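For reference, the structure is listed below as structure tokens.
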Amino acid sequence: MAKKIKSKDTVELHSFMQDRRTLFCYSGPLTEDLLTTISNPVKHQLSDKETEEVVAKRVFGVFIEQAQNIIRYSYKKTKTTGDSIGTIAISVADEGFLIEAVNVVDPQKKDVLEASLVEISMKDQKELRELYKQRLREGPPEDSAGAGLGFIEMARRVKKFEFDFVESDHEALFVYRGWVS
Amino acid sequence: MIFEAGPRTPLVELTASSCLIRGECYPENISEWSEPVLKTLEECLSQGQGEFKVDIELYYFNSSSAKFLFDFFEFLEESAEGGKAITINWRYRAEDDTMQEAGEDFEEDLSACAYNMVLVDDESK
């Protein structure tokens, strides 16, 4: 039975986002159309702070790549339109801007994705730049379920990133956190 | 031929002797946007007689667009190898490491084309 939402629940939502210093959060069906629409408020929010333009651009870049990753690869879709479902948020953390993303992944592809992300996470800036160029020149590997150009790009822009696979409600969730400063 | 800038696509101006690309590039569908651009570029290169000058000034592009840029440069390089005189100016702002690195990386695969890394002031925005 659905719980009745009261004022205290709504305040809880407000406080949670305030405490997290959330600049932007979206959870639901994500499409390119929607991304076009939400890009503007996101850009606006980022330019509002006393942020260097290059930092704002890096945050925006990671945001776009992660959003497009959800759009293309989320395993959970809406019933009627088949749009990808996921969550993406930008907040302010002590170490800089934090971009978080969650989407359901295909359990069959989880291991390949995990392996390639582990590989990416172990490379330094120089190696990432080389890997990026190599991927650009040669194209994606045979089974393109691994992390692609987008994840390599994100790894280059963030100060650090963390990822996880979490079981939730019989679904395999891919969880991403990237910090930009 | 002018492809007006969109909310997520750059301005592209093509003539028989030049190509200007300026703005941001992260289109909804990269092939849909780039196909007519590449087709027009092909026509311009074959129509033109003398030198062909390319000016690119991008502030941001996503990973899908990187693939397009790679193909774009590859096409220019092939034309230059075929005898066409092509000069490419990669324009970027001083504090923008990302765009500077991108320019340097694309340069690596271009030898038949003349290539210049050009620093621009903020004013040019």
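Ordered as shown in the structure tokens, chains take letters A, B, and onward, while each chain numbers its residues from 1 and ligands are numbered from 1 in the order shown.
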
Would you mind listing, for every residue of chain A within 7 Å of chain B, the two atoms forming the shortest contact and the distance between them in Å to one decimal, using only C-alpha atoms, sorted by chain and ascending residue number, as CSV?
```
residue,atom,partner,partner_atom,distance
A:Glu32,CA,B:Glu28,CA,5.4
A:Val54,CA,B:Asp96,CA,6.2
A:Gly61,CA,B:Asn62,CA,6.8
A:Glu65,CA,B:Asn62,CA,6.9
A:Leu136,CA,B:Lys67,CA,6.2
A:Leu149,CA,B:Ser63,CA,6.0
A:Gly150,CA,B:Ser63,CA,5.5
A:Glu153,CA,B:Ser63,CA,6.8
```

* Residue list (alpha helix (DSSP H), DSSP) for range 76-180 of chain A, as a ChimeraX atom specification -> /A:110-121,125-138,149-157

* **Residue among A:Lys76, A:His14, A:Lys110, A:Arg156 lying closest to Glu130 in chain A, counting only C-alpha atoms** => A:Arg156

* Asked: Pick from A:Val112, A:Ala147, A:Pro107, A:Ile99: nearest to Lys160 in chain A, with only C-alpha atoms counted?
  -> A:Ile99

* To do: Would you work out the distance separating CA of Phe52 in chain B from CA of Ala112 in chain B, expressed in Å to one decimal?
  => 12.7 Å

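Across B:Ser34, B:Ser111, B:Thr87, B:Ser46, the tightest approach to Phe72 in chain B is made by B:Ser34 when counting only C-alpha atoms.
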
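In terms of minimum interatomic distance to Lys57 in chain A, A:Phe97 ranks closest within A:Ser74, A:Phe97, A:Ile85, A:Gln108, counting only C-alpha atoms.
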
* Using backbone DSSP assignments, extract all strand (DSSP E) residues from range 13-119 of chain B; output them as a PyMOL selection string. => chain B and resi 13-14+18-25+52-61+86-93+114-119

* Please, what distance in Å, to one decimal, runs between CA of Ala93 in chain A and CA of Ala115 in chain A? -> 27.7 Å

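For the pair CA of Tyr75 in chain A and CA of Arg129 in chain A, the separation is 29.2 Å.
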
Residues near Ile2 in chain B, cut-off 12 Å, only C-alpha atoms, skip fewer than 2 positions along chain, as a PDB file with C-alpha atoms, in the first residue's frame:
```pdb
ATOM      1  CA  GLU B   4      23.458  27.215 -38.618  1.00  0.00           C
ATOM      2  CA  ALA B   5      24.511  26.434 -35.057  1.00  0.00           C
ATOM      3  CA  PRO B  10      28.316  24.063 -34.078  1.00  0.00           C
ATOM      4  CA  LEU B  11      28.092  26.577 -36.897  1.00  0.00           C
ATOM      5  CA  VAL B  12      29.551  25.147 -40.093  1.00  0.00           C
ATOM      6  CA  GLU B  13      30.315  27.390 -43.061  1.00  0.00           C
ATOM      7  CA  LEU B  14      31.587  25.755 -46.216  1.00  0.00           C
ATOM      8  CA  THR B  15      32.827  27.374 -49.428  1.00  0.00           C
ATOM      9  CA  SER B  18      37.191  27.163 -46.805  1.00  0.00           C
ATOM     10  CA  CYS B  19      35.521  25.463 -43.916  1.00  0.00           C
ATOM     11  CA  LEU B  20      34.684  27.088 -40.586  1.00  0.00           C
ATOM     12  CA  ILE B  21      33.409  25.097 -37.611  1.00  0.00           C
ATOM     13  CA  ARG B  22      32.653  27.024 -34.450  1.00  0.00           C
ATOM     14  CA  PRO B  36      25.204  16.374 -44.837  1.00  0.00           C
ATOM     15  CA  VAL B  37      28.203  18.293 -43.493  1.00  0.00           C
ATOM     16  CA  THR B  40      29.015  19.187 -48.595  1.00  0.00           C
ATOM     17  CA  LEU B  41      32.682  19.194 -47.590  1.00  0.00           C
TER      18      LEU B  41
END
```

* To do: Quick one: everything within 12 Å of Leu34 in chain A, counting only C-alpha atoms, minus sequence neighbours fewer than 6 positions away in the same chain. Send it as a list in words.
  => Tyr26, Ser27, Gly28, Asn40, Pro41, Ile64, Ala67, Gln68, Ile71, Asp83 and Ser84 of chain A; Glu28 of chain B

May I have the selected residues written with C-alpha atoms, as a PDB file, in the first residue's frame?
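Generated file (result_32.pdb):
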```pdb
ATOM      1  CA  TYR A  26      16.795  13.881 -12.595  1.00  0.00           C
ATOM      2  CA  SER A  27      15.400  10.384 -12.220  1.00  0.00           C
ATOM      3  CA  GLY A  28      13.192   8.737 -14.815  1.00  0.00           C
ATOM      4  CA  ASN A  40      20.460  24.639 -20.351  1.00  0.00           C
ATOM      5  CA  PRO A  41      19.539  24.743 -16.652  1.00  0.00           C
ATOM      6  CA  ILE A  64      26.580  14.666 -20.945  1.00  0.00           C
ATOM      7  CA  ALA A  67      23.490  10.907 -19.520  1.00  0.00           C
ATOM      8  CA  GLN A  68      24.153   9.524 -22.993  1.00  0.00           C
ATOM      9  CA  ILE A  71      20.188   6.717 -22.839  1.00  0.00           C
ATOM     10  CA  ASP A  83      12.898   5.086 -23.326  1.00  0.00           C
ATOM     11  CA  SER A  84      15.846   4.390 -21.084  1.00  0.00           C
TER      12      SER A  84
ATOM     13  CA  GLU B  28      21.329  14.065 -30.400  1.00  0.00           C
TER      14      GLU B  28
END
```

* Asked: Which one is closest to Ser17 in chain B: B:Phe3, B:Ser31, B:Val54, B:Glu42? Count only C-alpha atoms.
  -> B:Val54

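The smallest atom-to-atom distance between Val158 in chain A and any of A:Ser91, A:Ala101, A:Arg58, A:Leu173, using only C-alpha atoms, is found for A:Arg58.
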
* Could you give me, as a VMD selection string, the residues within 6 Å of Arg177 in chain A, counting only C-alpha atoms and dropping anything in the same chain fewer than 2 positions from it? => chain A and resid 99 to 100 161 to 162

Just-selected residues, N, CA and C atoms written as a CSV table (one decimal), in the first residue's frame:
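The resulting file, result-v5.csv, is reproduced below:
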```csv
chain,number,residue,atom,x,y,z
A,99,ILE,N,29.4,14.1,-9.8
A,99,ILE,CA,28.4,13.7,-10.7
A,99,ILE,C,28.1,12.2,-10.4
A,100,GLU,N,26.8,12.0,-10.1
A,100,GLU,CA,26.4,10.6,-9.8
A,100,GLU,C,25.4,10.1,-10.9
A,161,PHE,N,37.2,8.7,-10.0
A,161,PHE,CA,35.8,8.1,-10.1
A,161,PHE,C,35.7,6.8,-9.4
A,162,GLU,N,34.5,6.5,-9.0
A,162,GLU,CA,34.3,5.2,-8.3
A,162,GLU,C,33.1,4.6,-9.0
```

* Contacts of Gly96 in chain A at 8 Å (only C-alpha atoms; same-chain gap of 2+ positions) as an MDAnalysis selection string -> chainID A and resid 92:94 98 179:181

Prev. selection, N, CA and C atoms, output as an mmCIF file, in the first residue's frame:
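Listing of selection.cif after writing:
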```cif
data_model
loop_
_atom_site.group_PDB
_atom_site.id
_atom_site.type_symbol
_atom_site.label_atom_id
_atom_site.label_comp_id
_atom_site.auth_asym_id
_atom_site.auth_seq_id
_atom_site.Cartn_x
_atom_site.Cartn_y
_atom_site.Cartn_z
ATOM 1 N N VAL A 92 27.530 19.462 -5.071
ATOM 2 C CA VAL A 92 28.802 20.018 -4.633
ATOM 3 C C VAL A 92 29.296 19.176 -3.465
ATOM 4 N N ALA A 93 30.494 18.667 -3.573
ATOM 5 C CA ALA A 93 31.078 17.875 -2.495
ATOM 6 C C ALA A 93 32.346 18.591 -2.031
ATOM 7 N N ASP A 94 32.935 18.104 -0.952
ATOM 8 C CA ASP A 94 34.144 18.748 -0.448
ATOM 9 C C ASP A 94 35.275 18.717 -1.475
ATOM 10 N N LEU A 98 30.429 16.746 -7.783
ATOM 11 C CA LEU A 98 30.226 15.298 -7.820
ATOM 12 C C LEU A 98 29.115 14.982 -8.812
ATOM 13 N N TRP A 179 34.282 12.832 -9.515
ATOM 14 C CA TRP A 179 34.534 14.143 -8.897
ATOM 15 C C TRP A 179 35.350 15.018 -9.838
ATOM 16 N N VAL A 180 34.897 16.245 -10.014
ATOM 17 C CA VAL A 180 35.599 17.197 -10.873
ATOM 18 C C VAL A 180 35.971 18.431 -10.070
ATOM 19 N N SER A 181 37.239 18.865 -10.188
ATOM 20 C CA SER A 181 37.616 20.119 -9.526
ATOM 21 C C SER A 181 38.647 20.865 -10.374
#
```

* Find the residues around Ser168 in chain A up to 12 Å (only C-alpha atoms counted), leave out those fewer than 5 positions away in its own chain, and share them as a PyMOL selection string. => chain A and resi 102-105+173-175
